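> data.cif is the file, holding mmCIF, C-alpha atoms:
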```
data_entry
#
loop_
_atom_site.label_atom_id
_atom_site.label_comp_id
_atom_site.auth_asym_id
_atom_site.auth_seq_id
_atom_site.Cartn_x
_atom_site.Cartn_y
_atom_site.Cartn_z
CA MET A 29 187.11 144.44 93.01
CA GLN A 30 184.03 146.52 93.67
CA PHE A 31 181.92 147.43 90.67
CA ILE A 32 181.20 151.16 90.89
CA ASP A 33 179.38 152.65 87.91
CA GLN A 34 178.40 156.11 89.22
CA ALA A 35 180.43 158.86 90.85
CA LEU A 36 180.09 162.54 91.75
CA ILE A 37 183.32 164.55 91.62
CA GLU A 38 184.62 168.11 91.51
CA VAL A 39 187.22 169.34 89.05
CA GLU A 40 189.11 172.60 89.31
CA ALA A 41 191.45 173.92 86.66
CA GLY A 42 194.49 175.93 87.71
CA LYS A 43 194.43 179.70 88.21
CA GLY A 44 196.43 181.78 85.78
CA GLY A 45 199.59 183.34 87.16
CA ASP A 46 199.63 187.06 88.02
CA GLY A 47 201.39 189.57 85.83
CA ILE A 48 203.99 191.72 87.62
CA VAL A 49 205.17 195.30 87.70
CA ALA A 50 208.88 195.64 86.91
CA PHE A 51 211.23 198.09 85.18
CA ARG A 52 214.54 197.65 83.44
CA ARG A 53 217.44 198.75 85.64
CA GLU A 54 220.49 198.48 83.42
CA LYS A 55 223.57 200.64 83.64
CA TYR A 56 223.60 201.90 80.07
CA VAL A 57 219.82 202.00 79.52
CA PRO A 58 218.71 205.27 81.13
CA ALA A 59 215.07 204.89 80.06
CA GLY A 60 214.57 201.16 80.24
CA GLY A 61 210.80 201.22 80.59
CA PRO A 62 208.43 198.62 81.96
CA SER A 63 209.49 194.97 81.78
CA GLY A 64 206.97 193.06 83.89
CA GLY A 65 206.19 189.65 82.41
CA ASN A 66 202.84 187.91 81.98
CA GLY A 67 201.61 185.16 84.24
CA GLY A 68 201.56 181.59 83.01
CA ARG A 69 198.41 179.76 81.96
CA GLY A 70 196.73 177.57 84.59
CA GLY A 71 196.68 173.83 84.07
CA SER A 72 193.56 172.19 82.62
CA VAL A 73 191.80 169.01 83.75
CA ILE A 74 191.74 166.44 80.96
CA PHE A 75 189.91 163.10 80.90
CA VAL A 76 191.66 160.28 79.02
CA VAL A 77 190.12 156.88 78.32
CA ASP A 78 192.14 153.98 79.74
CA THR A 79 191.05 150.55 78.50
CA ASN A 80 192.65 148.89 81.56
CA LEU A 81 190.02 150.42 83.85
CA GLN A 82 186.69 148.62 84.23
CA THR A 83 185.02 150.55 87.05
CA LEU A 84 184.77 154.00 88.64
CA LEU A 85 186.13 152.66 91.92
CA ASP A 86 188.99 155.21 92.00
CA PHE A 87 186.46 158.04 92.21
CA ARG A 88 184.85 156.54 95.31
CA TYR A 89 187.81 157.61 97.45
CA LYS A 90 188.91 160.80 95.70
CA HIS A 91 186.39 163.49 94.84
CA LEU A 92 188.45 166.61 94.10
CA PHE A 93 190.75 166.86 91.09
CA LYS A 94 192.72 170.11 90.87
CA ALA A 95 195.28 171.13 88.26
CA ASP A 96 198.37 173.27 88.97
CA ASN A 97 198.24 177.06 88.97
CA GLY A 98 200.23 179.09 86.47
CA GLY A 99 203.47 180.73 87.58
CA ARG A 100 203.82 184.43 88.34
CA GLY A 101 205.40 186.59 85.64
CA GLY A 102 209.03 187.60 85.99
CA PRO A 103 211.17 190.69 85.27
CA ASN A 104 212.83 191.29 81.92
CA ASN A 105 209.58 190.43 80.14
CA CYS A 106 209.72 186.81 81.30
CA THR A 107 206.44 184.90 81.18
CA GLY A 108 205.60 182.68 84.13
CA ALA A 109 205.56 178.91 83.82
CA ASN A 110 202.35 177.30 82.62
CA GLY A 111 200.57 175.09 85.12
CA LYS A 112 200.80 171.36 84.49
CA ASP A 113 197.64 169.80 83.07
CA LEU A 114 195.99 167.17 85.26
CA ILE A 115 195.36 163.92 83.36
CA VAL A 116 192.51 161.88 84.85
CA GLU A 117 192.15 158.32 83.52
CA ILE A 118 188.62 156.96 83.22
CA PRO A 119 187.20 153.68 81.89
CA CYS A 120 185.91 153.31 78.36
CA GLY A 121 182.18 153.90 78.13
CA THR A 122 181.97 156.73 80.67
CA SER A 123 179.42 159.50 80.16
CA VAL A 124 180.25 162.85 81.77
CA TYR A 125 177.35 165.07 82.90
CA ASP A 126 177.28 168.55 84.38
CA GLY A 127 176.28 168.00 87.99
CA SER A 128 174.31 171.26 88.13
CA THR A 129 172.31 171.17 84.90
CA GLY A 130 172.42 167.47 84.04
CA ALA A 131 173.65 168.28 80.53
CA LEU A 132 175.78 165.64 78.80
CA LEU A 133 179.27 167.08 78.30
CA CYS A 134 180.89 164.14 76.57
CA ASP A 135 180.56 160.42 75.95
CA LEU A 136 183.95 158.72 76.01
CA VAL A 137 183.75 155.42 74.13
CA GLU A 138 187.00 155.24 72.14
CA PRO A 139 190.32 153.97 73.57
CA GLY A 140 192.69 156.89 74.16
CA GLN A 141 189.93 159.48 73.62
CA ARG A 142 190.62 162.80 75.38
CA PHE A 143 188.33 165.54 76.60
CA ARG A 144 189.34 168.85 78.24
CA VAL A 145 186.67 169.08 80.89
CA ALA A 146 187.95 172.21 82.70
CA GLU A 147 190.00 174.96 81.04
CA GLY A 148 192.85 176.56 82.94
CA GLY A 149 192.73 180.29 83.68
CA LYS A 150 194.55 182.76 81.46
CA GLY A 151 197.65 184.42 82.91
CA GLY A 152 197.50 188.10 83.86
CA LEU A 153 199.28 190.74 81.79
CA GLY A 154 202.45 192.35 83.10
CA ASN A 155 202.94 196.12 83.08
CA GLN A 156 204.88 195.93 79.80
CA HIS A 157 201.50 195.65 78.01
CA PHE A 158 200.27 198.98 79.35
CA LEU A 159 203.07 201.16 77.97
CA SER A 160 201.66 204.04 75.90
CA ASN A 161 202.54 207.55 74.84
CA ARG A 162 200.53 208.91 77.73
CA ASN A 163 201.78 206.43 80.30
CA ARG A 164 205.49 205.76 79.92
CA ALA A 165 205.84 204.02 83.29
CA PRO A 166 202.71 201.98 84.08
CA GLU A 167 202.75 200.74 87.63
CA TYR A 168 199.97 198.18 87.47
CA ALA A 169 199.50 194.64 86.15
CA LEU A 170 196.59 192.24 85.92
CA PRO A 171 195.97 189.20 88.11
CA GLY A 172 195.53 185.78 86.54
CA LEU A 173 192.03 184.54 85.80
CA PRO A 174 190.60 181.65 87.82
CA GLY A 175 190.27 178.23 86.18
CA GLU A 176 186.96 176.54 85.55
CA MET A 177 185.35 174.74 88.48
CA LEU A 178 182.71 172.08 87.84
CA VAL A 179 180.76 169.43 89.68
CA LEU A 180 180.54 166.39 87.42
CA ARG A 181 178.46 163.23 87.48
CA LEU A 182 180.13 160.23 85.91
CA GLU A 183 178.15 157.25 84.65
CA LEU A 184 179.78 154.10 83.35
CA LYS A 185 177.80 152.27 80.67
CA LEU A 186 179.35 148.98 79.66
CA LEU A 187 180.40 148.55 76.06
CA ALA A 188 178.82 145.30 74.91
CA GLU A 189 177.16 144.34 71.64
CA VAL A 190 174.80 141.82 73.22
CA GLY A 191 172.86 142.29 76.45
CA ILE A 192 171.39 139.27 78.26
CA ILE A 193 168.23 140.31 80.11
CA GLY A 194 165.46 138.57 82.00
CA LEU A 195 163.82 138.09 85.36
CA PRO A 196 165.89 136.81 88.30
CA ASN A 197 166.90 133.15 88.08
CA ALA A 198 166.22 132.93 84.33
CA GLY A 199 169.70 131.46 83.78
CA LYS A 200 171.57 134.51 82.46
CA SER A 201 174.77 133.82 84.39
CA THR A 202 174.71 130.16 83.39
CA LEU A 203 174.32 131.14 79.73
CA ILE A 204 177.23 133.58 79.70
CA SER A 205 179.43 131.03 81.48
CA SER A 206 178.50 128.43 78.84
CA LEU A 207 179.26 130.77 75.95
CA SER A 208 182.43 132.43 77.25
CA ALA A 209 185.23 132.15 79.78
CA ALA A 210 183.35 134.37 82.26
CA ARG A 211 182.69 132.70 85.62
CA PRO A 212 179.97 134.66 87.41
CA LYS A 213 178.41 133.43 90.63
CA ILE A 214 175.68 130.85 89.92
CA ALA A 215 173.17 129.56 92.48
CA ASP A 216 169.62 128.22 92.61
CA TYR A 217 168.09 131.34 94.16
CA PRO A 218 167.10 134.74 92.68
CA PHE A 219 169.36 137.81 92.62
CA THR A 220 172.56 135.76 92.56
CA THR A 221 174.10 138.33 90.21
CA LEU A 222 174.60 141.70 91.89
CA ILE A 223 176.85 143.31 89.28
CA PRO A 224 176.95 143.14 85.45
CA ASN A 225 179.28 140.48 84.09
CA LEU A 226 181.07 140.63 80.76
CA GLY A 227 182.13 137.71 78.61
CA VAL A 228 183.73 137.48 75.16
CA VAL A 229 182.11 134.99 72.78
CA ARG A 230 184.03 133.92 69.68
CA LYS A 231 182.32 134.24 66.32
CA PRO A 232 182.95 131.70 63.53
CA THR A 233 185.17 134.32 61.87
CA GLY A 234 187.39 134.39 64.97
CA ASP A 235 186.34 137.84 66.11
CA GLY A 236 185.21 138.34 69.68
CA THR A 237 181.80 139.73 70.64
CA VAL A 238 181.21 141.11 74.12
CA PHE A 239 178.14 139.84 75.97
CA ALA A 240 176.84 141.56 79.11
CA ASP A 241 174.91 139.63 81.76
CA ILE A 242 172.62 142.25 83.30
CA PRO A 243 171.35 141.59 86.87
CA GLY A 244 167.73 140.46 87.02
CA LEU A 245 164.98 142.93 86.34
CA ILE A 246 161.72 142.82 88.26
CA GLU A 247 158.37 144.48 87.86
CA GLY A 248 158.77 148.19 88.61
CA ALA A 249 162.52 148.21 87.87
CA SER A 250 162.17 151.20 85.52
CA HIS A 251 160.81 153.19 88.49
CA GLY A 252 163.57 152.17 90.90
CA ALA A 253 162.40 148.81 92.22
CA GLY A 254 165.04 146.18 92.93
CA LEU A 255 168.50 146.15 91.40
CA GLY A 256 167.45 146.33 87.76
CA TYR A 257 167.09 150.11 87.55
CA ASP A 258 170.72 150.65 88.58
CA PHE A 259 171.90 148.49 85.68
CA LEU A 260 169.42 149.27 82.90
CA ARG A 261 171.85 151.93 81.65
CA HIS A 262 174.33 149.17 80.81
CA ILE A 263 172.15 147.85 77.99
CA GLU A 264 171.74 151.29 76.39
CA ARG A 265 174.82 150.73 74.22
CA THR A 266 174.00 147.14 73.24
CA LYS A 267 172.93 146.35 69.69
CA VAL A 268 170.92 143.20 70.38
CA LEU A 269 169.09 141.91 73.46
CA LEU A 270 168.97 138.23 74.37
CA HIS A 271 165.78 137.98 76.39
CA LEU A 272 165.94 134.86 78.57
CA ILE A 273 162.73 133.35 79.95
CA ASP A 274 162.56 130.43 82.38
CA ALA A 275 160.72 127.69 80.52
CA THR A 276 159.81 126.03 83.85
CA SER A 277 157.86 129.11 84.94
CA GLU A 278 154.11 128.82 85.47
CA ASP A 279 153.51 132.02 83.48
CA VAL A 280 155.98 132.24 80.61
CA ILE A 281 153.91 134.79 78.68
CA GLY A 282 153.49 136.96 81.78
CA GLU A 283 157.25 137.03 82.38
CA TYR A 284 157.85 138.14 78.80
CA LYS A 285 155.29 140.94 79.17
CA THR A 286 156.84 142.09 82.47
CA ILE A 287 160.26 142.67 80.92
CA LYS A 288 158.72 144.24 77.82
CA GLN A 289 156.83 146.75 79.97
CA GLU A 290 159.97 147.66 81.93
CA LEU A 291 161.95 148.31 78.75
CA GLN A 292 159.15 150.51 77.42
CA ALA A 293 158.91 152.43 80.70
CA TYR A 294 162.67 153.00 80.85
CA GLY A 295 162.69 154.41 77.31
CA ARG A 296 165.90 155.40 75.50
CA GLY A 297 164.96 153.14 72.61
CA LEU A 298 165.39 149.86 74.51
CA ALA A 299 161.95 148.56 73.61
CA LYS A 300 162.76 148.96 69.90
CA ARG A 301 166.15 147.25 70.17
CA PRO A 302 166.38 143.98 68.16
CA GLN A 303 165.59 141.04 70.43
CA ILE A 304 165.98 137.30 70.39
CA LEU A 305 163.66 135.46 72.78
CA VAL A 306 165.12 132.40 74.45
CA LEU A 307 163.23 129.79 76.45
CA ASN A 308 165.85 128.42 78.81
CA LYS A 309 165.97 125.31 81.05
CA ILE A 310 164.13 123.08 78.57
CA ASP A 311 165.99 120.12 80.11
CA ALA A 312 163.95 120.62 83.29
CA VAL A 313 160.55 120.86 81.57
CA ASP A 314 158.07 118.00 81.63
CA ARG A 315 157.28 117.67 77.92
CA GLU A 316 154.13 115.68 78.64
CA THR A 317 152.48 118.60 80.44
CA VAL A 318 154.13 121.58 78.73
CA ASP A 319 154.05 122.20 74.98
CA LEU A 320 157.22 124.22 74.42
CA GLU A 321 156.67 124.56 70.69
CA ALA A 322 153.24 126.10 71.28
CA LEU A 323 154.74 128.52 73.80
CA ALA A 324 157.46 129.49 71.31
CA THR A 325 154.86 130.10 68.60
CA GLU A 326 152.79 132.29 70.92
CA LEU A 327 155.84 134.31 71.94
CA ASN A 328 156.78 134.74 68.31
CA HIS A 329 153.33 136.14 67.49
CA LEU A 330 153.47 138.52 70.48
CA SER A 331 156.98 139.83 69.90
CA LEU A 332 157.59 139.32 66.16
CA SER A 333 161.07 138.20 67.27
CA PRO A 334 162.77 134.84 66.70
CA VAL A 335 162.30 132.37 69.58
CA PHE A 336 164.76 129.59 70.49
CA LEU A 337 164.58 126.68 72.91
CA ILE A 338 167.83 126.08 74.80
CA SER A 339 169.36 124.62 77.91
CA ALA A 340 172.34 126.67 79.07
CA VAL A 341 173.38 123.88 81.45
CA THR A 342 173.53 121.10 78.83
CA ARG A 343 174.41 123.56 76.00
CA THR A 344 171.42 122.30 73.99
CA GLY A 345 170.20 124.60 71.21
CA LEU A 346 172.96 127.21 71.61
CA GLU A 347 174.32 126.94 68.06
CA PRO A 348 171.11 127.93 66.18
CA MET A 349 170.60 130.81 68.60
CA LEU A 350 174.14 132.08 68.00
CA GLN A 351 173.79 131.77 64.22
CA GLU A 352 170.70 133.99 64.33
CA LEU A 353 172.54 136.44 66.58
CA TRP A 354 175.60 136.67 64.31
CA GLY A 355 173.34 137.32 61.32
CA ILE A 356 171.60 140.23 63.07
CA LEU A 357 174.90 141.73 64.22
CA ASP A 358 176.43 141.44 60.73
CA GLN A 359 173.46 143.29 59.23
CA MET A 360 173.65 146.04 61.85
CA ASN A 361 177.42 146.43 61.49
CA ALA A 362 177.09 146.66 57.71
CA ALA A 363 174.43 149.36 58.12
CA ASP A 364 176.72 151.27 60.52
CA GLU A 365 179.60 151.14 58.04
CA GLU A 366 177.35 152.40 55.25
CA GLU A 367 176.17 155.25 57.49
CA LYS A 368 179.78 156.23 58.26
CA GLU A 369 180.64 156.26 54.55
CA MET A 370 177.66 158.49 53.83
CA GLU A 371 178.70 160.83 56.62
CA VAL A 372 182.21 161.10 55.16
CA LEU A 373 180.76 161.89 51.72
CA ARG A 374 178.57 164.61 53.24
#
```
Using structure tokens, write down the structure that the file contains.

Amino acid sequence: MQFIDQALIEVEAGKGGDGIVAFRREKYVPAGGPSGGNGGRGGSVIFVVDTNLQTLLDFRYKHLFKADNGGRGGPNNCTGANGKDLIVEIPCGTSVYDGSTGALLCDLVEPGQRFRVAEGGKGGLGNQHFLSNRNRAPEYALPGLPGEMLVLRLELKLLAEVGIIGLPNAGKSTLISSLSAARPKIADYPFTTLIPNLGVVRKPTGDGTVFADIPGLIEGASHGAGLGYDFLRHIERTKVLLHLIDATSEDVIGEYKTIKQELQAYGRGLAKRPQILVLNKIDAVDRETVDLEALATELNHLSLSPVFLISAVTRTGLEPMLQELWGILDQMNAADEEEKEMEVLR
């Protein structure tokens, strides 16, 4: 399955039905009067979150979504049929933007959440509505109003609590495969991962936490270089970042600073997101020439974040790292719950 996380589409709500001109023609009603019915309302376009969808692939092949028009009014004061609403299913985590202005219209992050993105046109009035003392036989009616037409830009941002970031070949895919049942492509060359991968990691309480393996960032990613820019949006919703650094690199500190600069340049609060620094591949490091503890201490002073030494291949050091991660998430979730309670009280 292709991973498509952006799409440009057009939506068009249905036109309202026309009102009609009609008069009562009954045998024993000599002055029946006008009886033209109103047109029906046009159908609306409604987005509904479907948790079974994981990509915007469906919007790659279909770009126009049009709801039904309302029915024309009928005689005997009969209102036309309303147009059927068009239900469009989209994946959870989709942001909907106005294609013309760039304004955010809605952010759909809850299962089953609905949003009426284009309102159907109102039906026209039949001639029955124009009866007055001065005009006893109106011979005109109103046409239905057109429905809303919009060009929309859809962006899918993965819903994950933990984002795994780092330069290419830092071991992100290996780590997520060691922690979860996810089986991303793993190879000994950079840019193996071309799409974000999700994996569910079990907490000691039995709950599942979603981890996202974000394709490797490079210097200049925040300005469009490489693949990283296309996927930086997927860590916007994460609560904690696991920053992986290759411990076998010749410039560990430089790699840390590169990713830090890209997060700052991208903005949207990513640089201030809680981070855990992880020196990976310690099993491949020559301990006689490289002082890992000194590197970890230096990184801790630079970042003020906890630093852990692990090997994703041998699963060494994963447990202390996860314990620190669960503690941070528990604190953040408790703060979120407290904020929700305060909002309810307000």
> Quick one: of A:Arg343, A:Arg181, A:Lys300, A:Arg53, who's nearest to A:Cys134, counting only C-alpha atoms?
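So, comparing all the options, the nearest one is A:Arg181.
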> So what does the PyMOL selection byres ((chain A and resi 94) around 7) actually pick up in this one, as a list in words?
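Given this file, the PyMOL selection byres ((chain A and resi 94) around 7) evaluates to Val39, Glu40, Ala41, Gly42, Leu92, Phe93, Ala95 and Asp96 of chain A.
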> Would you list the contacts of stretch 162-168 of chain A as a list in words, taking every protein, DNA or RNA residue within 6 Å and counting all atoms listed in the file, but skipping same-chain residues closer than 3 positions in sequence?
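Close residues of stretch 162-168 of chain A: Val49, Asn155 and Leu159 of chain A.
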> Carefully work through the PyMOL selection byres ((chain A and resi 137) around 12) for this structure and note down the residues it includes, as a ChimeraX atom specification.
/A:75-79,118-124,134-136,138-143,184-188,265
> Tell me which of A:Leu114, A:Ala240, A:Ile338, A:Leu207 sits closest to A:Val73, counting only C-alpha atoms.
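Residue with the minimum atom-to-atom distance to A:Val73: A:Leu114.
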> Might you pull out every residue within 12 Å of A:Pro348, with all atoms listed in the file counted and same-chain residues fewer than 3 positions away left off, and present them as a list of chain:residue names?
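Neighbouring residues, sequence-local ones excluded: A:Ile304, A:Val306, A:Pro334, A:Val335, A:Phe336, A:Leu337, A:Ile338, A:Arg343, A:Thr344, A:Gly345, A:Gln351, A:Glu352, A:Leu353, A:Trp354, A:Gly355.
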> Report as a list in words all protein, DNA and RNA residues lying within 12 Å of A:Ile356, evaluated on only C-alpha atoms, omitting residues in the same chain fewer than 2 positions from it.
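Near A:Ile356, the qualifying residues are Glu189, Val190, Lys267, Val268, Leu269, Leu270, Arg301, Pro302, Gln303, Ile304, Ser333, Pro334, Met349, Leu350, Gln351, Glu352, Leu353, Trp354, Asp358, Gln359, Met360, Asn361, Ala362 and Ala363 of chain A.
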> Report as a ChimeraX atom specification the residues that result from applying the PyMOL selection byres ((chain A and resi 200) around 10) to the structure here.
/A:191-199,201-206,212,214,221,225,240-244,270-274,308,340
> Can you tell me how far atom CA of A:Ser331 sits from atom CA of A:Arg261, in Å to one decimal?
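Those two atoms sit 22.5 Å apart.
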> Quick one: of A:Ile37, A:Ile310, A:Val179, A:Leu153, who's nearest to A:Thr342, counting only C-alpha atoms?
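Going through A:Ile37, A:Ile310, A:Val179, A:Leu153 one by one, the smallest distance to A:Thr342 is for A:Ile310.
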> Smallest atom-to-atom distance to A:Thr83: which of A:Val313, A:Pro224, A:Ile287, A:Ile263, using all atoms listed in the file?
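Between A:Val313, A:Pro224, A:Ile287, A:Ile263, the residue approaching A:Thr83 most closely is A:Pro224.
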> Taking only C-alpha atoms into account, name the residue in A:Val57, A:Ala50, A:Gly98, A:Leu85 that is nearest to A:Ile32.
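Using only C-alpha atoms, the shortest distance to A:Ile32 belongs to A:Leu85.
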> Between A:Gly101, A:Gly127, A:Gly67, A:Gly108, which residue has the minimum interatomic distance to A:Leu182, considering all atoms listed in the file?
A:Gly127
> Restore N, CA and C atoms in stretch 30-47 of chain A and list the result as a compact mmCIF listing (two decimals), in the coordinates of the input.

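Done, and the output landed in out.txt:
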```txt
# COMPACT_ATOMS: atom_id res chain seq x y z
N GLN A 30 185.38 145.99 93.66
CA GLN A 30 184.03 146.52 93.67
C GLN A 30 183.65 147.07 92.30
N PHE A 31 182.40 146.85 91.92
CA PHE A 31 181.92 147.43 90.67
C PHE A 31 181.17 148.71 90.98
N ILE A 32 181.79 149.85 90.66
CA ILE A 32 181.20 151.16 90.89
C ILE A 32 180.95 151.78 89.52
N ASP A 33 179.68 152.12 89.23
CA ASP A 33 179.38 152.65 87.91
C ASP A 33 178.81 154.07 87.94
N GLN A 34 178.82 154.72 89.11
CA GLN A 34 178.40 156.11 89.22
C GLN A 34 179.31 156.83 90.21
N ALA A 35 179.58 158.08 89.94
CA ALA A 35 180.43 158.86 90.85
C ALA A 35 180.12 160.34 90.67
N LEU A 36 180.26 161.09 91.76
CA LEU A 36 180.09 162.54 91.75
C LEU A 36 181.41 163.16 92.19
N ILE A 37 182.00 163.99 91.32
CA ILE A 37 183.32 164.55 91.62
C ILE A 37 183.33 166.05 91.33
N GLU A 38 184.38 166.70 91.81
CA GLU A 38 184.62 168.11 91.51
C GLU A 38 185.95 168.23 90.78
N VAL A 39 185.97 169.07 89.76
CA VAL A 39 187.22 169.34 89.05
C VAL A 39 187.48 170.84 89.09
N GLU A 40 188.73 171.19 89.24
CA GLU A 40 189.11 172.60 89.31
C GLU A 40 190.38 172.81 88.50
N ALA A 41 190.27 173.60 87.45
CA ALA A 41 191.45 173.92 86.66
C ALA A 41 192.30 174.94 87.40
N GLY A 42 193.56 175.03 87.03
CA GLY A 42 194.49 175.93 87.71
C GLY A 42 194.23 177.41 87.41
N LYS A 43 194.53 178.24 88.39
CA LYS A 43 194.43 179.70 88.21
C LYS A 43 195.60 180.19 87.39
N GLY A 44 195.34 181.17 86.54
CA GLY A 44 196.43 181.78 85.78
C GLY A 44 197.35 182.57 86.70
N GLY A 45 198.62 182.60 86.35
CA GLY A 45 199.59 183.34 87.16
C GLY A 45 199.39 184.86 87.02
N ASP A 46 199.77 185.61 88.05
CA ASP A 46 199.63 187.06 88.02
C ASP A 46 200.74 187.70 87.18
N GLY A 47 200.36 188.75 86.46
CA GLY A 47 201.39 189.57 85.83
C GLY A 47 202.08 190.43 86.89
```
